[in-house]
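Q: As input, take upload-v1.txt (compact mmCIF, C-alpha atoms):
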```txt
# COMPACT_ATOMS: atom_id res chain seq x y z
CA MET A 119 139.53 -120.98 159.38
CA ASN A 120 140.65 -122.00 162.90
CA ARG A 121 139.68 -118.81 164.76
CA PRO A 122 136.17 -119.93 165.88
CA LEU A 123 137.61 -123.18 167.22
CA ASN A 124 140.35 -121.28 169.03
CA ARG A 125 137.78 -118.97 170.67
CA ALA A 126 135.74 -122.02 171.85
CA VAL A 127 138.83 -123.63 173.26
CA ALA A 128 139.78 -120.40 174.99
CA ALA A 129 136.29 -120.16 176.57
CA ARG A 130 136.48 -123.58 178.26
CA PRO A 131 138.48 -122.45 181.32
CA ILE A 132 136.03 -119.58 181.85
CA LEU A 133 133.03 -121.97 181.66
CA ARG A 134 134.71 -124.32 184.12
CA ARG A 135 134.84 -121.46 186.62
CA VAL A 136 131.48 -119.81 185.89
CA VAL A 137 129.17 -122.86 185.68
CA PRO A 138 130.10 -124.40 189.06
CA ALA A 139 129.79 -120.97 190.68
CA ALA A 140 126.33 -120.48 189.15
CA LEU A 141 125.18 -123.92 190.26
CA LEU A 142 126.47 -123.25 193.76
CA ALA A 143 124.58 -119.97 193.90
CA LEU A 144 121.38 -121.63 192.65
CA SER A 145 121.71 -124.41 195.22
CA ALA A 146 122.15 -121.86 198.00
CA ALA A 147 119.10 -119.94 196.82
CA LEU A 148 116.96 -123.06 196.73
CA SER A 149 118.05 -124.20 200.17
CA ALA A 150 117.27 -120.74 201.55
CA ALA A 151 113.81 -120.65 199.89
CA PRO A 152 110.89 -121.41 202.21
CA SER A 153 109.11 -124.75 201.86
CA GLN A 154 105.55 -124.77 200.53
CA ALA A 155 104.27 -125.44 204.04
CA ASP A 156 105.88 -122.22 205.33
CA SER A 157 103.33 -120.17 203.38
CA TYR A 158 100.49 -122.71 203.58
CA PRO A 159 97.65 -122.00 203.87
CA SER A 160 97.33 -118.58 202.29
CA LYS A 161 93.65 -118.83 201.30
CA PRO A 162 90.47 -120.64 202.43
CA ILE A 163 90.37 -124.45 202.44
CA LYS A 164 87.40 -126.45 201.16
CA MET A 165 86.31 -129.61 202.94
CA ILE A 166 84.02 -131.76 200.78
CA VAL A 167 81.52 -133.92 202.65
CA PRO A 168 80.12 -136.54 200.22
CA PHE A 169 76.86 -136.80 202.18
CA ALA A 170 73.88 -134.53 202.84
CA ALA A 171 73.94 -131.84 205.49
CA GLY A 172 72.60 -132.80 208.90
CA GLY A 173 74.02 -136.34 209.12
CA GLY A 174 76.80 -137.75 211.25
CA ASN A 175 79.51 -137.12 208.65
CA ASP A 176 78.39 -133.51 208.28
CA ALA A 177 78.35 -132.90 212.04
CA ILE A 178 81.92 -134.15 212.42
CA ALA A 179 83.09 -132.08 209.44
CA ARG A 180 81.60 -128.88 210.83
CA SER A 181 83.10 -129.40 214.28
CA LEU A 182 86.50 -130.18 212.79
CA SER A 183 86.38 -127.28 210.31
CA GLN A 184 85.97 -124.74 213.12
CA LEU A 185 89.01 -126.00 214.99
CA LEU A 186 91.13 -126.29 211.83
CA ALA A 187 90.25 -122.72 210.89
CA GLU A 188 91.51 -121.53 214.27
CA SER A 189 94.71 -123.57 213.97
CA LEU A 190 95.52 -122.80 210.32
CA LYS A 191 94.37 -119.15 210.44
CA GLN A 192 92.23 -119.59 207.34
CA PRO A 193 88.52 -120.35 206.84
CA VAL A 194 87.68 -124.03 206.30
CA ILE A 195 84.47 -124.22 204.28
CA VAL A 196 82.29 -127.35 204.40
CA ASP A 197 80.88 -128.28 200.98
CA ASN A 198 78.20 -131.02 200.99
CA ARG A 199 78.17 -133.09 197.78
CA PRO A 200 75.89 -136.13 198.36
CA GLY A 201 75.17 -138.92 195.91
CA ALA A 202 75.84 -142.59 195.10
CA GLY A 203 76.82 -143.60 198.61
CA GLY A 204 79.49 -140.90 198.79
CA LYS A 205 81.04 -141.72 195.42
CA LEU A 206 80.22 -138.42 193.70
CA GLY A 207 81.66 -136.13 196.35
CA VAL A 208 84.80 -138.23 196.69
CA GLU A 209 85.36 -138.13 192.92
CA MET A 210 85.11 -134.34 192.97
CA GLY A 211 87.57 -134.12 195.84
CA LEU A 212 90.14 -136.42 194.26
CA LYS A 213 90.04 -134.56 190.94
CA ALA A 214 90.89 -131.21 192.56
CA GLU A 215 94.32 -129.60 192.45
CA PRO A 216 96.73 -131.37 194.83
CA ASP A 217 97.65 -128.15 196.62
CA GLY A 218 96.15 -128.82 200.04
CA TYR A 219 93.19 -126.50 199.50
CA THR A 220 90.64 -129.27 198.83
CA LEU A 221 90.09 -131.94 201.47
CA THR A 222 87.48 -134.71 201.56
CA LEU A 223 85.91 -136.27 204.63
CA ILE A 224 85.45 -140.01 204.20
CA SER A 225 84.06 -142.86 206.28
CA ASN A 226 83.73 -146.64 205.95
CA SER A 227 81.79 -146.29 202.71
CA TYR A 228 85.04 -145.24 201.03
CA SER A 229 86.38 -148.75 201.62
CA VAL A 230 83.09 -150.43 200.75
CA ASN A 231 82.33 -148.68 197.44
CA PRO A 232 85.12 -150.33 195.39
CA SER A 233 83.25 -153.62 195.78
CA LEU A 234 79.85 -152.16 194.86
CA TYR A 235 80.56 -149.59 192.14
CA LYS A 236 82.78 -149.22 189.11
CA LEU A 237 84.74 -146.22 190.34
CA PRO A 238 86.36 -143.61 188.05
CA PHE A 239 89.34 -143.43 190.43
CA ASP A 240 91.63 -145.73 192.39
CA PRO A 241 90.75 -145.37 196.10
CA VAL A 242 94.36 -146.01 197.17
CA LYS A 243 96.58 -144.70 194.38
CA ASP A 244 94.59 -141.55 193.60
CA MET A 245 94.53 -140.04 197.07
CA THR A 246 96.84 -138.56 199.68
CA PRO A 247 95.97 -139.77 203.19
CA ILE A 248 95.86 -136.92 205.70
CA GLY A 249 94.62 -138.35 208.99
CA MET A 250 92.02 -140.16 211.05
CA ILE A 251 89.44 -138.11 212.95
CA ALA A 252 87.31 -140.47 215.02
CA LYS A 253 86.20 -144.04 215.51
CA ALA A 254 82.95 -145.40 216.87
CA PRO A 255 81.36 -148.76 217.60
CA PHE A 256 78.26 -150.51 216.49
CA PHE A 257 76.09 -152.19 219.09
CA VAL A 258 74.39 -155.53 218.45
CA SER A 259 70.86 -154.64 219.49
CA VAL A 260 67.62 -156.63 219.54
CA HIS A 261 63.99 -155.89 220.31
CA PRO A 262 63.10 -156.77 223.93
CA ASP A 263 60.66 -159.46 222.77
CA VAL A 264 63.49 -161.50 221.22
CA PRO A 265 64.09 -164.22 223.86
CA VAL A 266 67.84 -163.72 224.33
CA ASP A 267 70.02 -162.08 226.97
CA THR A 268 73.50 -162.56 225.54
CA LEU A 269 75.14 -162.66 222.13
CA GLN A 270 75.65 -166.39 222.47
CA ASP A 271 71.90 -166.72 223.11
CA LEU A 272 71.24 -164.87 219.84
CA VAL A 273 73.61 -167.15 217.93
CA ALA A 274 71.97 -170.26 219.44
CA LEU A 275 68.48 -169.00 218.59
CA ALA A 276 69.47 -168.23 215.00
CA ARG A 277 70.86 -171.75 214.66
CA GLN A 278 67.59 -173.20 215.89
CA LYS A 279 65.61 -171.05 213.47
CA PRO A 280 67.79 -170.51 210.39
CA GLY A 281 66.62 -167.52 208.37
CA GLU A 282 63.62 -166.79 210.61
CA LEU A 283 65.17 -163.95 212.59
CA THR A 284 65.34 -160.62 210.76
CA TYR A 285 67.80 -157.74 210.91
CA ALA A 286 67.46 -154.16 209.68
CA SER A 287 70.06 -152.01 207.94
CA SER A 288 70.30 -148.48 206.59
CA GLY A 289 70.34 -149.91 203.07
CA THR A 290 71.85 -152.60 200.87
CA GLY A 291 75.61 -152.21 200.73
CA GLY A 292 75.78 -149.88 203.72
CA ILE A 293 78.22 -150.53 206.53
CA SER A 294 75.45 -151.70 208.90
CA HIS A 295 74.44 -154.27 206.26
CA LEU A 296 77.96 -155.51 205.57
CA GLY A 297 78.85 -155.46 209.26
CA MET A 298 75.97 -157.81 210.05
CA GLU A 299 76.80 -160.04 207.10
CA LEU A 300 80.33 -160.35 208.45
CA PHE A 301 78.88 -161.30 211.84
CA LEU A 302 76.67 -163.97 210.24
CA LYS A 303 79.63 -165.34 208.32
CA THR A 304 81.85 -165.38 211.42
CA THR A 305 79.26 -167.22 213.52
CA GLY A 306 77.93 -169.48 210.76
CA ILE A 307 74.30 -168.45 211.21
CA SER A 308 71.68 -167.00 208.87
CA MET A 309 69.20 -164.17 209.35
CA THR A 310 66.98 -162.35 206.85
CA HIS A 311 68.08 -158.87 205.78
CA VAL A 312 65.48 -156.09 205.75
CA PRO A 313 67.01 -152.99 204.08
CA TYR A 314 65.71 -149.47 204.69
CA LYS A 315 66.38 -146.08 203.15
CA GLY A 316 68.43 -144.75 206.02
CA SER A 317 69.28 -145.67 209.58
CA ALA A 318 66.39 -143.73 211.17
CA PRO A 319 63.51 -145.82 209.71
CA ALA A 320 65.53 -149.01 210.28
CA LEU A 321 65.95 -148.14 213.94
CA THR A 322 62.28 -147.16 214.28
CA ASP A 323 61.14 -150.57 213.05
CA THR A 324 63.65 -152.37 215.27
CA VAL A 325 62.42 -150.48 218.32
CA SER A 326 58.79 -151.19 217.39
CA GLY A 327 59.46 -154.89 216.85
CA GLN A 328 58.90 -155.02 213.10
CA VAL A 329 62.38 -156.54 212.82
CA ASP A 330 64.36 -158.46 215.42
CA ALA A 331 67.88 -157.04 215.36
CA MET A 332 70.17 -154.33 214.04
CA LEU A 333 73.69 -152.99 214.28
CA THR A 334 72.99 -149.62 215.90
CA THR A 335 75.17 -146.59 216.64
CA ALA A 336 75.92 -145.29 220.12
CA GLY A 337 74.03 -142.02 219.82
CA SER A 338 70.82 -143.79 218.78
CA THR A 339 71.23 -146.90 220.90
CA LEU A 340 71.77 -145.77 224.46
CA PRO A 341 68.57 -143.72 224.93
CA TYR A 342 66.45 -146.68 223.78
CA ARG A 343 68.47 -149.02 225.97
CA ASP A 344 67.95 -146.79 228.99
CA ASP A 345 64.16 -146.85 228.61
CA LYS A 346 64.24 -150.59 227.86
CA ARG A 347 63.00 -150.39 224.28
CA LEU A 348 66.18 -152.12 223.03
CA LYS A 349 68.31 -154.91 224.43
CA VAL A 350 71.98 -154.27 223.70
CA LEU A 351 73.99 -157.48 223.62
CA ALA A 352 77.49 -156.39 222.62
CA VAL A 353 79.75 -153.64 221.31
CA THR A 354 81.70 -154.29 218.12
CA LEU A 355 85.02 -152.65 219.08
CA PRO A 356 87.96 -154.70 220.45
CA LYS A 357 87.61 -152.86 223.79
CA ARG A 358 84.62 -151.64 225.79
CA VAL A 359 83.63 -148.03 225.21
CA SER A 360 83.60 -145.25 227.79
CA SER A 361 80.02 -144.26 226.94
CA ALA A 362 78.74 -147.73 227.92
CA PRO A 363 81.45 -149.56 229.91
CA ASP A 364 79.05 -152.26 231.15
CA ILE A 365 78.35 -153.58 227.63
CA PRO A 366 80.74 -156.45 226.77
CA THR A 367 82.52 -156.68 223.44
CA VAL A 368 81.74 -159.34 220.86
CA ARG A 369 85.21 -160.83 221.42
CA GLU A 370 84.63 -161.08 225.17
CA GLN A 371 81.74 -163.38 224.35
CA GLY A 372 83.96 -165.74 222.39
CA ILE A 373 83.36 -164.49 218.84
CA PRO A 374 86.41 -163.23 216.87
CA TYR A 375 84.67 -160.23 215.34
CA ASP A 376 84.87 -156.45 215.49
CA VAL A 377 83.73 -153.61 213.24
CA THR A 378 84.73 -149.98 213.59
CA VAL A 379 82.86 -147.01 212.20
CA TRP A 380 85.48 -144.38 211.32
CA TYR A 381 85.89 -140.92 209.84
CA ALA A 382 89.01 -139.49 208.19
CA ILE A 383 90.38 -136.81 205.86
CA ILE A 384 92.02 -137.41 202.48
CA ALA A 385 93.23 -135.15 199.65
CA PRO A 386 94.05 -135.62 195.95
CA LYS A 387 97.11 -137.59 194.92
CA GLY A 388 100.29 -135.53 194.84
CA VAL A 389 99.84 -133.17 197.79
CA PRO A 390 103.39 -132.15 198.83
CA ALA A 391 104.72 -134.00 201.86
CA ASP A 392 105.23 -130.84 203.91
CA ILE A 393 101.62 -129.74 203.39
CA GLN A 394 100.41 -133.26 204.19
CA ALA A 395 102.38 -133.10 207.45
CA THR A 396 101.01 -129.64 208.29
CA LEU A 397 97.42 -130.83 207.82
CA ASN A 398 98.00 -134.04 209.77
CA ARG A 399 99.40 -132.10 212.73
CA ALA A 400 96.48 -129.67 212.64
CA ILE A 401 93.91 -132.49 212.56
CA ASN A 402 95.61 -134.46 215.33
CA THR A 403 95.72 -131.34 217.49
CA ALA A 404 92.07 -130.53 216.78
CA VAL A 405 90.68 -133.98 217.55
CA GLY A 406 92.87 -134.29 220.62
CA GLN A 407 91.50 -131.11 222.17
CA GLY A 408 89.00 -131.42 224.98
CA GLU A 409 86.39 -129.49 223.02
CA MET A 410 86.42 -131.79 219.99
CA ALA A 411 86.78 -134.94 222.09
CA GLN A 412 83.75 -133.91 224.14
CA ARG A 413 81.70 -133.18 221.02
CA LEU A 414 82.52 -136.64 219.69
CA LYS A 415 81.59 -138.37 222.94
CA THR A 416 78.13 -136.83 222.90
CA THR A 417 77.38 -138.87 219.77
CA GLY A 418 79.30 -141.98 220.83
CA GLU A 419 82.51 -141.43 218.86
CA GLU A 420 86.02 -141.21 220.25
CA ALA A 421 88.91 -139.13 218.97
CA ALA A 422 91.40 -141.21 216.98
CA PRO A 423 94.40 -139.08 215.89
CA ASP A 424 96.89 -141.07 213.82
CA THR A 425 99.44 -140.92 211.02
CA PRO A 426 98.73 -140.72 207.27
CA GLN A 427 100.41 -144.11 206.89
CA ALA A 428 98.02 -145.70 209.39
CA LEU A 429 95.03 -144.27 207.53
CA ARG A 430 96.31 -145.62 204.22
CA GLN A 431 96.71 -149.09 205.75
CA GLN A 432 93.21 -148.94 207.27
CA ILE A 433 91.76 -148.22 203.83
CA VAL A 434 93.78 -150.99 202.13
CA ASP A 435 92.81 -153.55 204.78
CA GLU A 436 89.11 -152.68 204.69
CA ILE A 437 88.87 -152.69 200.91
CA ALA A 438 90.04 -156.30 201.05
CA LEU A 439 87.76 -157.18 203.99
CA TRP A 440 84.53 -155.72 202.61
CA GLY A 441 85.27 -156.98 199.13
CA GLN A 442 85.35 -160.52 200.49
CA VAL A 443 82.12 -159.97 202.45
CA VAL A 444 80.36 -158.62 199.35
CA ARG A 445 81.49 -161.61 197.28
CA ASP A 446 80.64 -164.19 199.94
CA ALA A 447 77.17 -162.74 200.53
CA GLY A 448 76.48 -162.17 196.83
CA ILE A 449 75.57 -158.52 197.45
CA SER A 450 74.77 -156.42 194.38
CA LEU A 451 73.21 -153.00 193.89
CA ASN A 452 71.74 -153.95 190.49
```
Could you rewrite the structure in this file as structure tokens?
A:
Amino acid sequence: MNRPLNRAVAARPILRRVVPAALLALSAALSAAPSQADSYPSKPIKMIVPFAAGGGNDAIARSLSQLLAESLKQPVIVDNRPGAGGKLGVEMGLKAEPDGYTLTLISNSYSVNPSLYKLPFDPVKDMTPIGMIAKAPFFVSVHPDVPVDTLQDLVALARQKPGELTYASSGTGGISHLGMELFLKTTGISMTHVPYKGSAPALTDTVSGQVDAMLTTAGSTLPYRDDKRLKVLAVTLPKRVSSAPDIPTVREQGIPYDVTVWYAIIAPKGVPADIQATLNRAINTAVGQGEMAQRLKTTGEEAAPDTPQALRQQIVDEIALWGQVVRDAGISLN
């Protein structure tokens, strides 16, 4: 009756020797195994652009994809998925496998949309930040017939005529709309918003004098400024920009305000840290190259390589900022 127990007891010394040896061998094998990044990437990478082909987001994605393909030795395929202010494409990107083979290009709208839409994802918790690509300014521009020469002149005129001056935007809830609302809030003035379906018609009507002012981008602003069809009063970055060093910043003119247009890359939640680091290095190298930096400057952007942590913080900070602007201005898409 005791034999099975005796055999179990007799086996204990053997187990004490065999199990630690097996664990040691397994540990050695795991430490010798290559990390996921050592074999990454081994197939093409998809970069989702949540806007239509031909726009600013698309142009940056295509320039970046070429350089990433050269660096990573795999094709990087741009996939345009427009709709709902970028919401649809972002949702598709964040629901992909977190293996580093699906990336999503985002811009300021990513931080704005949580205040305007009921999103089926958490814009902070459900993504892996990869890296910043570029940043660009807005310019505070007015039609030449508006009787002002400085930003302080514009503020003074708006105070004399509350609500009479008009400003154009690319559409309700867009960054050019919210950026101007933040300016109005900061200065304590009021102007009447005239929304358009896109930045091109908004700019056309500002240049023609149908509206008085607009936050314009560098690529569209400077040609009209050069032929005197726009007066450019200030740049919205904390520092002057190399493409127009003679234009003062808003802060230089005594107003504590700046707005940055930015572009970045994110991936689904759960991308392994070593793959995240590989992608971040590749993006930072690409945007820091003379070729990419020169491409960006032609449209008024500047390369802005940074860490994943910095990108995450930028998103967190701007979600809070634009949420407050939306609430204060009573902006709704309904």
Q: Find the distance between atom CA of A:Ala276 and atom CA of A:Gly448 and write it in Å to one decimal.
A: 20.4 Å
Q: Given all atoms listed in the file, how would the per-residue table for stretch 199-262 of chain A near stretch 332-342 of chain A read, listing every residue at most 8 Å away with its closest atom pair and distance in Å to one decimal, sorted by chain and number, as a tab-separated table?
A:
```
residue	atom	partner	partner_atom	distance
A:Ala254	CA	A:Ala336	CA	7.7
A:Pro255	CA	A:Thr335	CA	6.6
A:Phe256	CA	A:Thr335	CA	5.0
A:Phe257	CA	A:Thr334	CA	5.1
A:Val258	CA	A:Leu333	CA	4.9
A:Ser259	CA	A:Met332	CA	5.5
A:Val260	CA	A:Met332	CA	6.5
```
Q: Name all residues at most 6 Å from stretch 158-172 of chain A (count all atoms listed in the file; drop same-chain ones fewer than 3 positions away) and give them as a list in words.
A: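 So, after excluding close chain neighbours, the residues are Ala155, Asp176, Gln192, Pro193, Val194, Ile195, Val196, Asp197, Asn198, Arg199, Pro200, Gly204, Gly207, Tyr219, Thr220, Leu221, Thr222 and Leu223 of chain A.
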Q: Convert the current residue selection to file output with C-alpha atoms, as a PDB file, keeping the file's coordinate frame.
A:
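To be explicit, this is the file written out as out.pdb:
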```pdb
ATOM      1  CA  ALA A 155     104.270-125.440 204.040  1.00  0.00           C
ATOM      2  CA  ASP A 176      78.390-133.510 208.280  1.00  0.00           C
ATOM      3  CA  GLN A 192      92.230-119.590 207.340  1.00  0.00           C
ATOM      4  CA  PRO A 193      88.520-120.350 206.840  1.00  0.00           C
ATOM      5  CA  VAL A 194      87.680-124.030 206.300  1.00  0.00           C
ATOM      6  CA  ILE A 195      84.470-124.220 204.280  1.00  0.00           C
ATOM      7  CA  VAL A 196      82.290-127.350 204.400  1.00  0.00           C
ATOM      8  CA  ASP A 197      80.880-128.280 200.980  1.00  0.00           C
ATOM      9  CA  ASN A 198      78.200-131.020 200.990  1.00  0.00           C
ATOM     10  CA  ARG A 199      78.170-133.090 197.780  1.00  0.00           C
ATOM     11  CA  PRO A 200      75.890-136.130 198.360  1.00  0.00           C
ATOM     12  CA  GLY A 204      79.490-140.900 198.790  1.00  0.00           C
ATOM     13  CA  GLY A 207      81.660-136.130 196.350  1.00  0.00           C
ATOM     14  CA  TYR A 219      93.190-126.500 199.500  1.00  0.00           C
ATOM     15  CA  THR A 220      90.640-129.270 198.830  1.00  0.00           C
ATOM     16  CA  LEU A 221      90.090-131.940 201.470  1.00  0.00           C
ATOM     17  CA  THR A 222      87.480-134.710 201.560  1.00  0.00           C
ATOM     18  CA  LEU A 223      85.910-136.270 204.630  1.00  0.00           C
TER      19      LEU A 223
END
```
Q: I'd like to know which of A:Gly201, A:Leu296, A:Ser225, A:Pro216 is closest to A:Ala252, using all atoms listed in the file.
A: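 When distances to A:Ala252 are compared using all atoms listed in the file, the smallest one comes from A:Ser225.
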Q: Quick one: of A:Ser360, A:Thr246, A:Thr310, A:Thr378, who's nearest to A:Asn226, counting all atoms listed in the file?
A: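 Selected residue with least distance to A:Asn226: A:Thr378.
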Q: Looking at only C-alpha atoms, which of A:Val389, A:Val444, A:Leu348, A:Ala179 is the one that sits closest to A:Pro262?
A: A:Leu348
Q: For A:Arg358, list every protein, DNA or RNA residue within 10 Å, evaluated using only C-alpha atoms, and leave out those in the same chain fewer than 4 positions away; present the list as a PyMOL selection string.
A: chain A and resi 255+352-354+362-368+370
Q: Ranking A:Ser288, A:Glu209, A:Leu300, A:Ser157 by minimum distance to A:Trp440 and counting all atoms listed in the file, which one comes first?
A: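 Ranked by minimum distance to A:Trp440, first place goes to A:Leu300.
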Q: Could you tell me how far atom CA of A:Met245 sits from atom CA of A:Pro386, in Å to one decimal place?
A: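 Atom CA of A:Met245 lies 4.6 Å from atom CA of A:Pro386.
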Q: Could you state the separation of atom CA of A:Gly306 and atom CA of A:His261 in Å, given to one decimal place?
A: 21.7 Å
Q: Using all atoms listed in the file, what does the table of stretch 367-432 of chain A residues within 9 Å of stretch 264-273 of chain A look like, with each row giving the shortest atom pair and its distance in Å to one decimal, sorted by chain and ascending number, as CSV?
A:
```
residue,atom,partner,partner_atom,distance
A:Val368,CA,A:Leu269,CA,7.5
A:Gln371,CA,A:Leu269,CA,7.0
A:Gly372,CA,A:Gln270,CA,8.3
A:Ile373,CA,A:Gln270,CA,8.7
```
Q: I want to know what sits within 8 Å of stretch 436-439 of chain A, based on all atoms listed in the file, with residues of the same chain fewer than 5 positions away left out; could you give that as a PyMOL selection string?
A: chain A and resi 229-230+232-233
Q: Choose the residue, out of A:Lys387, A:Arg399, A:Arg180, A:Lys415, that has the smallest atom-to-atom separation from A:Lys243; count all atoms listed in the file.
A: A:Lys387
Q: When distances are computed from only C-alpha atoms, which of A:Glu188, A:Asp424, A:Glu419, A:Asp217 shows the smallest separation from A:Asn175?
A: A:Glu419
Q: Can you tell me, as a PyMOL selection string, what residues are no more than 8 Å from A:Ala400 when counting all atoms listed in the file, ignoring any on the same chain fewer than 5 positions away?
A: chain A and resi 186+189-190
